[in-house]
Amino acid sequence: MKKIIAVLICAAVCLTTGCSKSETSSGTQLPATTSSSNKSSVTQPAVTSSSKTSSTSSQTSVPTSVPTSEPTTARGEFQRGKWSGNSFTSYFFGYKLNLDGWTKESDEQLAKRNSIADMSDATLNSAVEQSNENTAVYEVFAQDANANTLAVAVNRYNGKTIDEYAQANANGIKMSSSFKDVSVDKVNVAGKDQPCIYATFASGSINVYEAMVVYQNGNYFSIITIGAFSKSDLQNMIGSVFTGASTPSGSTSEPSANNVAYQRGKWNGNTFASNFFGYSFTLDSSWTIESDQQVAARNSLSDMSDATVNNAVEQSNENSMVYEAVAQDANANTLAIGANRYNGKTIDEYAQANANGMKFSTSFKDVSVDKINIAGKDQPCIYATYTSGGIDVYEIIVIYQNGDYFTAITLGSLSQNDLKNTLDTIFA
């Protein structure tokens, strides 16, 4: 069973934009895609922000060892990291990065990315102080000659352990089918194990492999995200940026008992109904629905029989999800339905946790949690905009719950009007 949540937006983008390895562009495109003279239509690692920026400037540098002195502020107010030549050091979090041969974004570009006036100590520290679980502030964004990327982002998230923080953000990343193989593990940095999120971003035939290393000081967290075009390059970069890096071993968490037995939704012609979650919708003749064989392949299942799908969902957890349906219309609008088991969460907590994780990829911007009225009942939903090659894809993820089971119905469109019309048509 693939550890991915039901979202087909990435596939829609590739179909509509024709993204391929042969496309070319220049500079560092933010906040959505990595580009170089040879590679395009692939996401930058890191955190979403509300503004776009231009290409990078000024040569610089970083990572290898931890600072030789203790952080200057143990658990007080946030203190930003500092550049010294090619080295970026955060005494607050206790790490040092060394980026020889990399191009880093200027302060002007970072300020624009963060939607703040400038990158002075006072302005940046204040921005981080005002941040929360739904926002993050960039300290560093850099790219090397091979289009590998590195980003450092910080936010404030009260009452979370470092492991809870890492898992919550990993869960959110799974809310997009642009990512696969998402897992939380540990990476050894200078003799100390740090939580790390591993994920693969897929765009067309190109994969970008990411590692997001997490640090904590009190209620403040820093994520250092590295992206590469091969697993070996990623491991080499981790080895040079973070000395003593280890290979991820994967998740071993098990689902706990639930109060109900899961029952899958069913197609009847062009109408999909889930009696278990209490919703139904009808697609018109312009939609093409994936066959059981195609959906089974997405899930790495032998078939899509009731017994097989129900068992797969029963065995799922917060780190995995099972597709029930995928469809696309003639205008490249997309729909995907997935279900998983997540013990001990309310529907609002589930929505917020997954939205938070989506923010830790620059493929997404304008991520927010809201309510949408469907058949007289308010359902939690996540709004987000996915950007690829200069094209925005607008999506909404509507969430339902029954006991410890959740389903996400994801719609994606190339315009906000199309998204609204599709939503109104389907849930008429």
# chains A, B, ... in the order shown; residues from 1 in each chain; ligands from 1
>>> residues_around(residues="Asn171 of chain A", least_positions_apart="3", cutoff="9 Å", atoms="only C-alpha atoms", output="PyMOL selection string")
chain A and resi 166-168+174-175+182-183+318-320+353-358
>>> write_last_selection(atoms="C-alpha atoms", output="mmCIF file, in the first residue's frame")
data_model
loop_
_atom_site.group_PDB
_atom_site.id
_atom_site.type_symbol
_atom_site.label_atom_id
_atom_site.label_comp_id
_atom_site.auth_asym_id
_atom_site.auth_seq_id
_atom_site.Cartn_x
_atom_site.Cartn_y
_atom_site.Cartn_z
ATOM 1 C CA ALA A 166 7.986 16.058 12.692
ATOM 2 C CA GLN A 167 5.137 13.556 12.476
ATOM 3 C CA ALA A 168 2.449 16.242 12.184
ATOM 4 C CA LYS A 174 0.876 13.152 2.483
ATOM 5 C CA MET A 175 -2.162 15.291 1.638
ATOM 6 C CA VAL A 182 6.858 9.987 3.082
ATOM 7 C CA SER A 183 8.341 8.736 6.336
ATOM 8 C CA GLU A 318 -1.488 8.305 9.977
ATOM 9 C CA ASN A 319 1.431 7.516 7.671
ATOM 10 C CA SER A 320 -0.536 5.819 4.891
ATOM 11 C CA ALA A 353 -2.311 18.609 11.047
ATOM 12 C CA ASN A 354 -2.355 17.795 7.341
ATOM 13 C CA ALA A 355 -2.553 21.458 6.314
ATOM 14 C CA ASN A 356 0.474 22.191 8.487
ATOM 15 C CA GLY A 357 2.497 19.523 6.719
ATOM 16 C CA MET A 358 1.541 20.816 3.268
#
>>> closest_residue(among="A:Asp370, A:Ile426, A:Tyr386, A:Lys160", to="Ile399 of chain A", atoms="only C-alpha atoms")
A:Asp370
>>> select_by_dssp(residues="segment 153-399 of chain A", states="strand (DSSP E)", output="PDB file with C-alpha atoms, in the first residue's frame")
ATOM      1  CA  ALA A 153      12.685  27.733   7.760  1.00  0.00           C
ATOM      2  CA  VAL A 154      11.616  28.469  11.330  1.00  0.00           C
ATOM      3  CA  ASN A 155       8.348  28.726  13.212  1.00  0.00           C
ATOM      4  CA  ARG A 156       6.838  28.701  16.666  1.00  0.00           C
ATOM      5  CA  PHE A 179       4.657  13.403  -2.768  1.00  0.00           C
ATOM      6  CA  LYS A 180       5.201   9.719  -2.157  1.00  0.00           C
ATOM      7  CA  ASP A 181       7.255   7.522   0.199  1.00  0.00           C
ATOM      8  CA  VAL A 182       6.858   9.987   3.082  1.00  0.00           C
ATOM      9  CA  SER A 183       8.341   8.736   6.336  1.00  0.00           C
ATOM     10  CA  VAL A 184       9.772  10.033   9.606  1.00  0.00           C
ATOM     11  CA  ASP A 185      13.102   8.713  10.809  1.00  0.00           C
ATOM     12  CA  LYS A 186      16.280   9.875  12.569  1.00  0.00           C
ATOM     13  CA  VAL A 187      19.499  11.168  11.003  1.00  0.00           C
ATOM     14  CA  ASN A 188      22.749  11.308  12.945  1.00  0.00           C
ATOM     15  CA  VAL A 189      24.235  14.802  12.950  1.00  0.00           C
ATOM     16  CA  LYS A 192      23.196  13.297  17.818  1.00  0.00           C
ATOM     17  CA  ASP A 193      20.026  11.802  16.320  1.00  0.00           C
ATOM     18  CA  GLN A 194      17.715  14.420  14.817  1.00  0.00           C
ATOM     19  CA  PRO A 195      14.175  13.716  13.575  1.00  0.00           C
ATOM     20  CA  CYS A 196      14.024  13.795   9.782  1.00  0.00           C
ATOM     21  CA  ILE A 197      11.179  13.660   7.244  1.00  0.00           C
ATOM     22  CA  TYR A 198      12.017  11.825   4.019  1.00  0.00           C
ATOM     23  CA  ALA A 199       9.814  12.296   0.953  1.00  0.00           C
ATOM     24  CA  THR A 200       9.911  11.925  -2.814  1.00  0.00           C
ATOM     25  CA  PHE A 201       8.323  14.594  -4.988  1.00  0.00           C
ATOM     26  CA  ALA A 202       7.201  13.332  -8.398  1.00  0.00           C
ATOM     27  CA  SER A 203       6.577  15.570 -11.411  1.00  0.00           C
ATOM     28  CA  ILE A 206      11.257  13.317 -12.647  1.00  0.00           C
ATOM     29  CA  ASN A 207      11.663  12.506  -8.944  1.00  0.00           C
ATOM     30  CA  VAL A 208      13.116  14.896  -6.392  1.00  0.00           C
ATOM     31  CA  TYR A 209      14.268  13.236  -3.172  1.00  0.00           C
ATOM     32  CA  GLU A 210      13.995  15.351  -0.030  1.00  0.00           C
ATOM     33  CA  ALA A 211      15.231  15.181   3.550  1.00  0.00           C
ATOM     34  CA  MET A 212      13.868  17.630   6.130  1.00  0.00           C
ATOM     35  CA  VAL A 213      15.969  17.696   9.311  1.00  0.00           C
ATOM     36  CA  VAL A 214      14.202  19.114  12.369  1.00  0.00           C
ATOM     37  CA  TYR A 215      15.676  21.021  15.336  1.00  0.00           C
ATOM     38  CA  GLN A 216      13.931  22.394  18.426  1.00  0.00           C
ATOM     39  CA  ASN A 217      14.570  25.003  21.108  1.00  0.00           C
ATOM     40  CA  TYR A 220      10.636  27.075  18.303  1.00  0.00           C
ATOM     41  CA  PHE A 221      11.416  24.678  15.453  1.00  0.00           C
ATOM     42  CA  SER A 222      13.781  24.814  12.491  1.00  0.00           C
ATOM     43  CA  ILE A 223      13.503  22.624   9.389  1.00  0.00           C
ATOM     44  CA  ILE A 224      16.510  22.280   7.094  1.00  0.00           C
ATOM     45  CA  THR A 225      15.252  20.870   3.800  1.00  0.00           C
ATOM     46  CA  ILE A 226      17.599  19.371   1.211  1.00  0.00           C
ATOM     47  CA  GLY A 227      16.393  18.301  -2.251  1.00  0.00           C
ATOM     48  CA  ALA A 228      18.291  16.275  -4.870  1.00  0.00           C
ATOM     49  CA  LYS A 266     -18.894   2.389  -4.295  1.00  0.00           C
ATOM     50  CA  TRP A 267     -19.483   3.582  -7.852  1.00  0.00           C
ATOM     51  CA  ASN A 268     -22.926   3.117  -9.414  1.00  0.00           C
ATOM     52  CA  THR A 271     -22.337   8.270  -8.910  1.00  0.00           C
ATOM     53  CA  PHE A 272     -19.973   7.562  -6.035  1.00  0.00           C
ATOM     54  CA  ALA A 273     -21.558   6.972  -2.622  1.00  0.00           C
ATOM     55  CA  SER A 274     -20.008   6.306   0.777  1.00  0.00           C
ATOM     56  CA  TYR A 279     -21.840  11.470   1.294  1.00  0.00           C
ATOM     57  CA  SER A 280     -22.437  10.940  -2.418  1.00  0.00           C
ATOM     58  CA  PHE A 281     -21.799  12.848  -5.633  1.00  0.00           C
ATOM     59  CA  THR A 282     -22.329  12.407  -9.363  1.00  0.00           C
ATOM     60  CA  TRP A 287     -15.237  12.832 -16.560  1.00  0.00           C
ATOM     61  CA  THR A 288     -13.072   9.757 -17.079  1.00  0.00           C
ATOM     62  CA  ILE A 289     -12.999   7.446 -14.071  1.00  0.00           C
ATOM     63  CA  VAL A 322      -5.668   4.137   0.316  1.00  0.00           C
ATOM     64  CA  TYR A 323      -7.208   5.464  -2.916  1.00  0.00           C
ATOM     65  CA  GLU A 324     -10.865   4.617  -3.491  1.00  0.00           C
ATOM     66  CA  ALA A 325     -11.472   6.657  -6.643  1.00  0.00           C
ATOM     67  CA  VAL A 326      -9.579   8.861  -9.122  1.00  0.00           C
ATOM     68  CA  ALA A 327     -11.058  10.787 -12.069  1.00  0.00           C
ATOM     69  CA  GLN A 328     -10.286  13.608 -14.513  1.00  0.00           C
ATOM     70  CA  ASP A 329     -12.477  15.619 -16.866  1.00  0.00           C
ATOM     71  CA  THR A 334      -9.175  16.255 -11.148  1.00  0.00           C
ATOM     72  CA  LEU A 335     -10.825  14.348  -8.339  1.00  0.00           C
ATOM     73  CA  ALA A 336      -9.321  11.834  -5.958  1.00  0.00           C
ATOM     74  CA  ILE A 337     -10.721  10.070  -2.897  1.00  0.00           C
ATOM     75  CA  GLY A 338      -8.592   8.406  -0.265  1.00  0.00           C
ATOM     76  CA  ALA A 339      -9.210   6.953   3.183  1.00  0.00           C
ATOM     77  CA  ASN A 340      -7.062   6.138   6.182  1.00  0.00           C
ATOM     78  CA  ARG A 341      -7.160   5.306   9.868  1.00  0.00           C
ATOM     79  CA  PHE A 364       2.179  24.721  -2.266  1.00  0.00           C
ATOM     80  CA  LYS A 365       1.162  28.220  -1.232  1.00  0.00           C
ATOM     81  CA  ASP A 366      -1.902  29.871   0.323  1.00  0.00           C
ATOM     82  CA  VAL A 367      -2.688  26.787   2.421  1.00  0.00           C
ATOM     83  CA  SER A 368      -5.612  27.310   4.792  1.00  0.00           C
ATOM     84  CA  VAL A 369      -8.222  25.334   6.725  1.00  0.00           C
ATOM     85  CA  ASP A 370     -11.866  26.358   6.483  1.00  0.00           C
ATOM     86  CA  LYS A 371     -15.394  24.928   6.445  1.00  0.00           C
ATOM     87  CA  ILE A 372     -17.592  24.224   3.439  1.00  0.00           C
ATOM     88  CA  ASN A 373     -21.338  23.626   3.587  1.00  0.00           C
ATOM     89  CA  ILE A 374     -22.367  20.381   1.890  1.00  0.00           C
ATOM     90  CA  LYS A 377     -23.593  20.425   7.050  1.00  0.00           C
ATOM     91  CA  ASP A 378     -20.267  22.212   7.515  1.00  0.00           C
ATOM     92  CA  GLN A 379     -17.301  19.990   6.593  1.00  0.00           C
ATOM     93  CA  PRO A 380     -13.658  20.863   7.311  1.00  0.00           C
ATOM     94  CA  CYS A 381     -11.669  21.499   4.146  1.00  0.00           C
ATOM     95  CA  ILE A 382      -8.143  22.504   3.151  1.00  0.00           C
ATOM     96  CA  TYR A 383      -7.587  25.093   0.425  1.00  0.00           C
ATOM     97  CA  ALA A 384      -4.208  25.252  -1.312  1.00  0.00           C
ATOM     98  CA  THR A 385      -2.594  26.427  -4.532  1.00  0.00           C
ATOM     99  CA  TYR A 386      -0.057  24.201  -6.277  1.00  0.00           C
ATOM    100  CA  THR A 387       2.380  25.866  -8.692  1.00  0.00           C
ATOM    101  CA  SER A 388       4.298  24.133 -11.472  1.00  0.00           C
ATOM    102  CA  ILE A 391       0.930  27.556 -13.729  1.00  0.00           C
ATOM    103  CA  ASP A 392      -1.291  27.584 -10.636  1.00  0.00           C
ATOM    104  CA  VAL A 393      -3.554  24.664  -9.790  1.00  0.00           C
ATOM    105  CA  TYR A 394      -6.219  25.431  -7.193  1.00  0.00           C
ATOM    106  CA  GLU A 395      -7.377  22.634  -4.960  1.00  0.00           C
ATOM    107  CA  ILE A 396      -9.788  21.905  -2.164  1.00  0.00           C
ATOM    108  CA  ILE A 397      -9.632  18.859   0.091  1.00  0.00           C
ATOM    109  CA  VAL A 398     -12.957  18.058   1.802  1.00  0.00           C
ATOM    110  CA  ILE A 399     -12.688  15.831   4.879  1.00  0.00           C
TER     111      ILE A 399
END
>>> closest_residue(among="A:Asn236, A:Thr135, A:Gln143, A:Asn125", to="Gly101 of chain A", atoms="only C-alpha atoms")
A:Gln143
>>> select_by_dssp(residues="segment 237-387 of chain A", states="helix (DSSP H, G or I)", output="ChimeraX atom specification")
/A:237-241,292-299,306-315,347-358
>>> atom_distance(atom1="atom CA of Ser361 of chain A", atom2="atom CA of Ile173 of chain A")
7.6 Å
>>> closest_residue(among="A:Thr410, A:Asn310, A:Asn275, A:Asn219", to="Ile162 of chain A", atoms="only C-alpha atoms")
A:Asn219
>>> closest_residue(among="A:Asp404, A:Asp348, A:Asp163, A:Asp292", to="Asp306 of chain A", atoms="only C-alpha atoms")
A:Asp292
>>> atom_distance(atom1="atom CA of Ser205 of chain A", atom2="atom CA of Ser230 of chain A")
12.7 Å
>>> atom_distance(atom1="atom CA of Phe92 of chain A", atom2="atom CA of Gln79 of chain A")
6.0 Å
>>> closest_residue(among="A:Arg113, A:Lys231, A:Lys420, A:Lys104", to="Trp83 of chain A", atoms="only C-alpha atoms")
A:Lys104
>>> residues_around(residues="Leu110 of chain A", least_positions_apart="5", cutoff="9 Å", atoms="only C-alpha atoms", output="PyMOL selection string")
chain A and resi 53+105+115-116+118-119+138-141
